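A.B. asks: I have a structure here, written as structure tokens, and I will follow up with some questions on it.
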Amino acid sequence: MKKQILRSTLYNGRVALSMDGRHIYRCKIDGGKSQFVPNATSIIGMKDKSGALMYWQRKLIGEAFRKNFPAGKTFTMNDKQLIRVEDTIKNAATDASDEAKQVGTDTHNYCEARLSNAPALMPSHPEATNACNAFENWLSGHKVEPMFLEKQLFSLRHIFCGTVDFIGKINGVLTLADFKTSKRLYNDHFMQASAYKEAFEEEFGAEIEQRAVIRFCKETGNYEFHILPDSHERDFAAFKSLQAIFHYEKETRKEIANIEKHAA
């Protein structure tokens with residue numbers, strides 16, 4: 001059995017939420033049977049991004065080749081060199097993704113510490129440093145009053161969970177905000193913010209006045225403070241459609257495996 005590394009009690013004790021070492025969430029409602037619960041990120045991950053991902057991978061592979069096999073240098077294509085070429089192709093996207101995730105994690109940790117008035121150590125990675133400086137620029141230019149940071153959320157009505165970066169007042173307005181170090185704003189962010197808004201309002205009964213995405217640029221140290229449009233119903237409907245696809249994929253995979261097992 002996987003060791004539980006996260007436990008949350010929500011809805012005044014009605015909901016017990018846990019996450020294991022594989023980042024799989026389960027919940028117990030009113031002391032009932034433990035059940036699997038998808039998180040918002042996994043649900044939104046059902047959205048097709050293959051076109052953009054293929055372009056991104058090709059770009060990274062090209063950059064990796066130019067770095068590992070510079071122009072003007074002669075290479076003998078022996079077995080050892082062939083393995084090096086294969087590794088360059090296989091690892092280009094993975095290495096970049098891992099680095100981006102670490103930059104995002106370091107930035108989020110710094111932001112949480114600063115907003116909690118806890119000791120905050122500036123990350124050493126140059127891109128994380130830029131993102132944290134962007135956060136400082138944003139913080140100094142706005143009145144920020146946190147209520148919840150890294151808040152675990154759960155929807156009893158729709159059975160999903162997630163963790164929102166910030167809920168509190170920004171310039172006097174009750175705001176649900178996510179901090180991003182991505183290259184730009186995406187419509188995925190609309191759905192994510194809507195899912196969090198739905199779950200928060202369901203549990204606490206307080207209306208979120210605005211949804212926001214605050215992007216901290218890893219290249220320039222600048223920030224973008226985006227107030228999302230008043231389109232919660234549309235965005236949450238899209239999220240629910242992806243949730244239906246998520247469950248469809250999960251159920252039919254089991255059905256196919258069962259059919260193939262009995263056909264063998």
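Following the order of the structure tokens, first chain is A, next is B, and so on, with residues numbered from 1 inside each chain and ligands from 1 in the order they appear.
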Using only C-alpha atoms, what table do you get, as CSV, when you list each residue of stretch 159-244 of chain A with an atom no more than 12 Å from stretch 3-22 of chain A, its nearest pair of atoms, and their distance in Å rounded to one decimal, rows by chain then rising number?
C.D. replies:
residue,atom,partner,partner_atom,distance
A:Ile159,CA,A:Val15,CA,10.9
A:Phe160,CA,A:Leu17,CA,10.5
A:Cys161,CA,A:Leu17,CA,8.7
A:Gly162,CA,A:Leu17,CA,10.7
A:Thr163,CA,A:Ser8,CA,11.3
A:Ala199,CA,A:Tyr11,CA,10.7
A:Phe200,CA,A:Tyr11,CA,10.2
A:Glu201,CA,A:Tyr11,CA,11.4
A:Glu202,CA,A:Tyr11,CA,9.3
A:Glu203,CA,A:Tyr11,CA,5.9
A:Phe204,CA,A:Tyr11,CA,8.1
A:Gly205,CA,A:Tyr11,CA,11.0
A.B. asks: Would you put the residues from that selection into a file with all heavy atoms, as a short mmCIF file (atom, residue, chain, number, x, y, z; two decimals), in the first residue's frame?
C.D. replies:
data_model
loop_
_atom_site.label_atom_id
_atom_site.label_comp_id
_atom_site.auth_asym_id
_atom_site.auth_seq_id
_atom_site.Cartn_x
_atom_site.Cartn_y
_atom_site.Cartn_z
N ILE A 159 -17.75 16.10 -7.54
CA ILE A 159 -16.70 15.12 -7.20
C ILE A 159 -15.42 15.34 -8.01
O ILE A 159 -15.07 14.60 -8.94
CB ILE A 159 -17.19 13.65 -7.36
CG1 ILE A 159 -18.52 13.46 -6.67
CG2 ILE A 159 -16.12 12.69 -6.78
CD1 ILE A 159 -18.49 13.72 -5.17
N PHE A 160 -14.72 16.41 -7.70
CA PHE A 160 -13.36 16.65 -8.18
C PHE A 160 -12.64 17.47 -7.11
O PHE A 160 -13.28 18.06 -6.23
CB PHE A 160 -13.34 17.36 -9.54
CG PHE A 160 -13.85 18.78 -9.50
CD1 PHE A 160 -13.03 19.83 -9.11
CD2 PHE A 160 -15.16 19.07 -9.85
CE1 PHE A 160 -13.50 21.14 -9.07
CE2 PHE A 160 -15.65 20.38 -9.80
CZ PHE A 160 -14.81 21.41 -9.41
N CYS A 161 -11.33 17.51 -7.19
CA CYS A 161 -10.55 18.28 -6.22
C CYS A 161 -9.51 19.11 -6.95
O CYS A 161 -9.32 19.00 -8.16
CB CYS A 161 -9.89 17.35 -5.20
SG CYS A 161 -8.67 16.22 -5.90
N GLY A 162 -8.82 19.95 -6.21
CA GLY A 162 -7.76 20.77 -6.78
C GLY A 162 -7.17 21.67 -5.72
O GLY A 162 -7.71 21.77 -4.61
N THR A 163 -6.09 22.32 -6.07
CA THR A 163 -5.41 23.22 -5.13
C THR A 163 -5.23 24.58 -5.80
O THR A 163 -4.58 24.69 -6.83
CB THR A 163 -4.04 22.67 -4.72
OG1 THR A 163 -4.21 21.36 -4.17
CG2 THR A 163 -3.38 23.57 -3.69
N ALA A 199 -15.91 25.02 -6.62
CA ALA A 199 -15.68 24.23 -5.41
C ALA A 199 -15.61 25.11 -4.17
O ALA A 199 -16.16 24.77 -3.11
CB ALA A 199 -14.39 23.42 -5.56
N PHE A 200 -14.95 26.26 -4.27
CA PHE A 200 -14.82 27.16 -3.11
C PHE A 200 -16.18 27.69 -2.69
O PHE A 200 -16.54 27.68 -1.50
CB PHE A 200 -13.88 28.32 -3.44
CG PHE A 200 -13.77 29.32 -2.32
CD1 PHE A 200 -12.91 29.09 -1.26
CD2 PHE A 200 -14.53 30.49 -2.33
CE1 PHE A 200 -12.82 30.02 -0.22
CE2 PHE A 200 -14.44 31.41 -1.31
CZ PHE A 200 -13.57 31.17 -0.24
N GLU A 201 -16.96 28.18 -3.64
CA GLU A 201 -18.26 28.75 -3.31
C GLU A 201 -19.21 27.70 -2.76
O GLU A 201 -20.04 27.98 -1.90
CB GLU A 201 -18.85 29.42 -4.55
CG GLU A 201 -18.09 30.67 -4.96
CD GLU A 201 -18.66 31.37 -6.18
OE1 GLU A 201 -19.54 30.78 -6.84
OE2 GLU A 201 -18.22 32.50 -6.47
N GLU A 202 -19.07 26.47 -3.25
CA GLU A 202 -19.91 25.37 -2.76
C GLU A 202 -19.64 25.10 -1.28
O GLU A 202 -20.56 24.90 -0.49
CB GLU A 202 -19.65 24.11 -3.59
CG GLU A 202 -20.54 22.94 -3.23
CD GLU A 202 -20.20 21.71 -4.05
OE1 GLU A 202 -19.62 21.84 -5.15
OE2 GLU A 202 -20.49 20.59 -3.56
N GLU A 203 -18.36 25.10 -0.90
CA GLU A 203 -18.01 24.79 0.49
C GLU A 203 -18.23 25.98 1.43
O GLU A 203 -18.76 25.80 2.53
CB GLU A 203 -16.56 24.33 0.60
CG GLU A 203 -16.15 24.01 2.02
CD GLU A 203 -14.74 23.45 2.16
OE1 GLU A 203 -14.04 23.31 1.13
OE2 GLU A 203 -14.34 23.14 3.31
N PHE A 204 -17.86 27.17 1.01
CA PHE A 204 -17.82 28.30 1.92
C PHE A 204 -19.00 29.26 1.78
O PHE A 204 -19.24 30.09 2.66
CB PHE A 204 -16.51 29.07 1.75
CG PHE A 204 -15.30 28.30 2.19
CD1 PHE A 204 -14.56 27.57 1.27
CD2 PHE A 204 -14.94 28.26 3.52
CE1 PHE A 204 -13.45 26.84 1.67
CE2 PHE A 204 -13.83 27.53 3.94
CZ PHE A 204 -13.09 26.81 3.01
N GLY A 205 -19.73 29.18 0.67
CA GLY A 205 -20.89 30.03 0.49
C GLY A 205 -20.57 31.49 0.24
O GLY A 205 -21.47 32.33 0.22
#
A.B. asks: Looking at only C-alpha atoms, which of A:Lys250, A:Lys183, A:His262, A:Arg215 is the one that sits closest to A:Ser42?
C.D. replies: A:Lys250
A.B. asks: At a cut-off of 9 Å, can you tabulate as JSON lines every residue of stretch 164-186 of chain A near stretch 107-110 of chain A together with its closest atom pair and the distance in Å to one decimal, using only C-alpha atoms and ordering rows by chain then number?
C.D. replies:
{"residue": "A:Asp165", "atom": "CA", "partner": "A:His108", "partner_atom": "CA", "distance": 8.0}
{"residue": "A:Phe179", "atom": "CA", "partner": "A:His108", "partner_atom": "CA", "distance": 7.2}
{"residue": "A:Lys180", "atom": "CA", "partner": "A:His108", "partner_atom": "CA", "distance": 8.5}
{"residue": "A:Thr181", "atom": "CA", "partner": "A:Thr107", "partner_atom": "CA", "distance": 8.0}
A.B. asks: With N, CA and C atoms kept, could you save the residues just selected as a PDB file, in the first residue's frame?
C.D. replies:
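Resulting contents of out31.pdb:
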ATOM      1  N   ASP A 165      -3.898  28.539  -5.795  1.00  0.00           N
ATOM      2  CA  ASP A 165      -2.747  29.246  -5.228  1.00  0.00           C
ATOM      3  C   ASP A 165      -3.149  30.333  -4.235  1.00  0.00           C
ATOM      4  N   PHE A 179      -1.136  31.464  -9.824  1.00  0.00           N
ATOM      5  CA  PHE A 179       0.149  32.005 -10.256  1.00  0.00           C
ATOM      6  C   PHE A 179       0.715  31.101 -11.353  1.00  0.00           C
ATOM      7  N   LYS A 180       1.159  31.697 -12.447  1.00  0.00           N
ATOM      8  CA  LYS A 180       1.657  30.927 -13.581  1.00  0.00           C
ATOM      9  C   LYS A 180       3.039  31.417 -14.010  1.00  0.00           C
ATOM     10  N   THR A 181       3.859  30.461 -14.466  1.00  0.00           N
ATOM     11  CA  THR A 181       5.146  30.806 -15.082  1.00  0.00           C
ATOM     12  C   THR A 181       5.163  30.332 -16.532  1.00  0.00           C
TER      13      THR A 181
END
A.B. asks: Apply DSSP to the backbone of this structure and, from stretch 18-235 of chain A, keep only the residues in strand (DSSP E); write these as a ChimeraX atom specification.
C.D. replies: /A:18-20,25-29,35-36,144-155,160-170,173-180,210-216,223-227
A.B. asks: Just give me the gap between atom CA of A:Lys254 and atom CA of A:Phe154 in Å, one decimal is fine.
C.D. replies: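 Interatomic distance, atom CA of A:Lys254 to atom CA of A:Phe154: 25.7 Å.
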A.B. asks: Could you name the residues that touch A:Arg211 at 8 Å or less, counting only C-alpha atoms, but leaving out those on the same chain fewer than 6 positions away, as a VMD selection string?
C.D. replies: chain A and resid 175 to 177 193 to 194 197 227 to 229
A.B. asks: Write out the residues from the selection above, keeping all heavy atoms, as a PDB file, in the first residue's frame.
C.D. replies:
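Result written to selection-v2.pdb:
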ATOM      1  N   THR A 175     -10.761  37.808  -4.646  1.00  0.00           N
ATOM      2  CA  THR A 175     -10.193  37.268  -5.883  1.00  0.00           C
ATOM      3  C   THR A 175      -9.699  35.844  -5.684  1.00  0.00           C
ATOM      4  O   THR A 175      -9.081  35.517  -4.663  1.00  0.00           O
ATOM      5  CB  THR A 175      -9.011  38.145  -6.354  1.00  0.00           C
ATOM      6  OG1 THR A 175      -9.452  39.502  -6.502  1.00  0.00           O
ATOM      7  CG2 THR A 175      -8.442  37.648  -7.670  1.00  0.00           C
ATOM      8  N   LEU A 176      -9.984  35.004  -6.653  1.00  0.00           N
ATOM      9  CA  LEU A 176      -9.384  33.671  -6.742  1.00  0.00           C
ATOM     10  C   LEU A 176      -8.340  33.755  -7.842  1.00  0.00           C
ATOM     11  O   LEU A 176      -8.669  34.089  -8.985  1.00  0.00           O
ATOM     12  CB  LEU A 176     -10.461  32.635  -7.077  1.00  0.00           C
ATOM     13  CG  LEU A 176     -10.029  31.168  -7.170  1.00  0.00           C
ATOM     14  CD1 LEU A 176     -11.182  30.245  -6.776  1.00  0.00           C
ATOM     15  CD2 LEU A 176      -9.548  30.793  -8.573  1.00  0.00           C
ATOM     16  N   ALA A 177      -7.090  33.490  -7.494  1.00  0.00           N
ATOM     17  CA  ALA A 177      -6.007  33.679  -8.461  1.00  0.00           C
ATOM     18  C   ALA A 177      -5.069  32.479  -8.485  1.00  0.00           C
ATOM     19  O   ALA A 177      -4.814  31.851  -7.457  1.00  0.00           O
ATOM     20  CB  ALA A 177      -5.213  34.948  -8.136  1.00  0.00           C
ATOM     21  N   ALA A 193      -9.672  28.008 -13.233  1.00  0.00           N
ATOM     22  CA  ALA A 193     -10.166  29.009 -12.289  1.00  0.00           C
ATOM     23  C   ALA A 193     -11.657  28.814 -12.015  1.00  0.00           C
ATOM     24  O   ALA A 193     -12.127  29.014 -10.889  1.00  0.00           O
ATOM     25  CB  ALA A 193      -9.910  30.417 -12.829  1.00  0.00           C
ATOM     26  N   SER A 194     -12.413  28.406 -13.037  1.00  0.00           N
ATOM     27  CA  SER A 194     -13.843  28.181 -12.854  1.00  0.00           C
ATOM     28  C   SER A 194     -14.105  26.982 -11.958  1.00  0.00           C
ATOM     29  O   SER A 194     -15.006  27.005 -11.118  1.00  0.00           O
ATOM     30  CB  SER A 194     -14.518  27.963 -14.213  1.00  0.00           C
ATOM     31  OG  SER A 194     -15.414  28.998 -14.496  1.00  0.00           O
ATOM     32  N   LYS A 197     -13.385  28.069  -8.455  1.00  0.00           N
ATOM     33  CA  LYS A 197     -14.445  28.981  -7.996  1.00  0.00           C
ATOM     34  C   LYS A 197     -15.684  28.180  -7.588  1.00  0.00           C
ATOM     35  O   LYS A 197     -16.273  28.427  -6.524  1.00  0.00           O
ATOM     36  CB  LYS A 197     -14.787  29.969  -9.112  1.00  0.00           C
ATOM     37  CG  LYS A 197     -16.032  30.826  -8.868  1.00  0.00           C
ATOM     38  CD  LYS A 197     -16.285  31.750 -10.059  1.00  0.00           C
ATOM     39  CE  LYS A 197     -17.684  32.346 -10.050  1.00  0.00           C
ATOM     40  NZ  LYS A 197     -17.861  33.343  -8.970  1.00  0.00           N
ATOM     41  N   ILE A 227      -7.263  39.796 -15.264  1.00  0.00           N
ATOM     42  CA  ILE A 227      -8.598  39.543 -14.724  1.00  0.00           C
ATOM     43  C   ILE A 227      -9.376  38.801 -15.803  1.00  0.00           C
ATOM     44  O   ILE A 227      -9.532  39.303 -16.921  1.00  0.00           O
ATOM     45  CB  ILE A 227      -9.320  40.851 -14.358  1.00  0.00           C
ATOM     46  CG1 ILE A 227      -8.477  41.681 -13.379  1.00  0.00           C
ATOM     47  CG2 ILE A 227     -10.698  40.546 -13.770  1.00  0.00           C
ATOM     48  CD1 ILE A 227      -8.167  40.985 -12.078  1.00  0.00           C
ATOM     49  N   LEU A 228      -9.841  37.591 -15.500  1.00  0.00           N
ATOM     50  CA  LEU A 228     -10.522  36.780 -16.502  1.00  0.00           C
ATOM     51  C   LEU A 228     -11.930  37.315 -16.767  1.00  0.00           C
ATOM     52  O   LEU A 228     -12.538  37.935 -15.892  1.00  0.00           O
ATOM     53  CB  LEU A 228     -10.580  35.326 -16.048  1.00  0.00           C
ATOM     54  CG  LEU A 228      -9.224  34.655 -15.779  1.00  0.00           C
ATOM     55  CD1 LEU A 228      -9.417  33.184 -15.460  1.00  0.00           C
ATOM     56  CD2 LEU A 228      -8.274  34.821 -16.961  1.00  0.00           C
ATOM     57  N   PRO A 229     -12.443  37.078 -17.964  1.00  0.00           N
ATOM     58  CA  PRO A 229     -13.791  37.578 -18.295  1.00  0.00           C
ATOM     59  C   PRO A 229     -14.860  36.936 -17.424  1.00  0.00           C
ATOM     60  O   PRO A 229     -14.655  35.887 -16.818  1.00  0.00           O
ATOM     61  CB  PRO A 229     -13.957  37.183 -19.770  1.00  0.00           C
ATOM     62  CG  PRO A 229     -12.973  36.085 -19.994  1.00  0.00           C
ATOM     63  CD  PRO A 229     -11.821  36.359 -19.087  1.00  0.00           C
TER      64      PRO A 229
END
A.B. asks: With a distance cut-off of 12 Å and only C-alpha atoms, select the neighbouring residues of A:Gly141, excluding the residue or stretch itself and same-chain residues fewer than 4 positions from it, and output the selection as a list in words.
C.D. replies: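 What passes the distance filter is Ala134, Phe135, Glu136, Asn137, Ile170, Asn171, Tyr223, Glu224 and Phe225 of chain A.
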A.B. asks: Name the residues in contact with A:Thr220 at a cut-off of 9 Å, using only C-alpha atoms, excluding same-chain residues fewer than 6 positions from it; report them as a list in words.
C.D. replies: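 In the requested form, the answer reads Glu127, Asn130, Ala131 and Ala134 of chain A.
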A.B. asks: Excluding same-chain residues fewer than 6 positions from stretch 69-76 of chain A, what lies within 10 Å of it counting only C-alpha atoms, as a PDB file with N, CA, C and O atoms, in the first residue's frame?
C.D. replies:
ATOM      1  N   GLU A  63      16.871  22.334 -30.951  1.00  0.00           N
ATOM      2  CA  GLU A  63      17.795  23.042 -30.055  1.00  0.00           C
ATOM      3  C   GLU A  63      18.784  22.075 -29.412  1.00  0.00           C
ATOM      4  O   GLU A  63      19.975  22.389 -29.271  1.00  0.00           O
ATOM      5  N   LEU A  82      25.300   6.683 -32.095  1.00  0.00           N
ATOM      6  CA  LEU A  82      23.901   6.470 -32.406  1.00  0.00           C
ATOM      7  C   LEU A  82      23.050   6.514 -31.132  1.00  0.00           C
ATOM      8  O   LEU A  82      21.951   7.088 -31.122  1.00  0.00           O
ATOM      9  N   ARG A  84      23.781   8.176 -28.525  1.00  0.00           N
ATOM     10  CA  ARG A  84      23.764   9.582 -28.120  1.00  0.00           C
ATOM     11  C   ARG A  84      22.688  10.353 -28.899  1.00  0.00           C
ATOM     12  O   ARG A  84      21.973  11.196 -28.335  1.00  0.00           O
ATOM     13  N   VAL A  85      22.571  10.066 -30.198  1.00  0.00           N
ATOM     14  CA  VAL A  85      21.549  10.706 -31.018  1.00  0.00           C
ATOM     15  C   VAL A  85      20.157  10.324 -30.517  1.00  0.00           C
ATOM     16  O   VAL A  85      19.265  11.180 -30.362  1.00  0.00           O
ATOM     17  N   THR A  88      19.350  12.094 -27.325  1.00  0.00           N
ATOM     18  CA  THR A  88      19.066  13.507 -27.572  1.00  0.00           C
ATOM     19  C   THR A  88      17.617  13.699 -27.974  1.00  0.00           C
ATOM     20  O   THR A  88      16.926  14.603 -27.490  1.00  0.00           O
TER      21      THR A  88
END
A.B. asks: Could you check the closest approach to A:Asn117 for each of A:Glu145, A:Ala100, A:Cys132, A:Gln243 and tell me which residue wins, using only C-alpha atoms?
C.D. replies: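 Distance minimum relative to A:Asn117 lands on A:Glu145.
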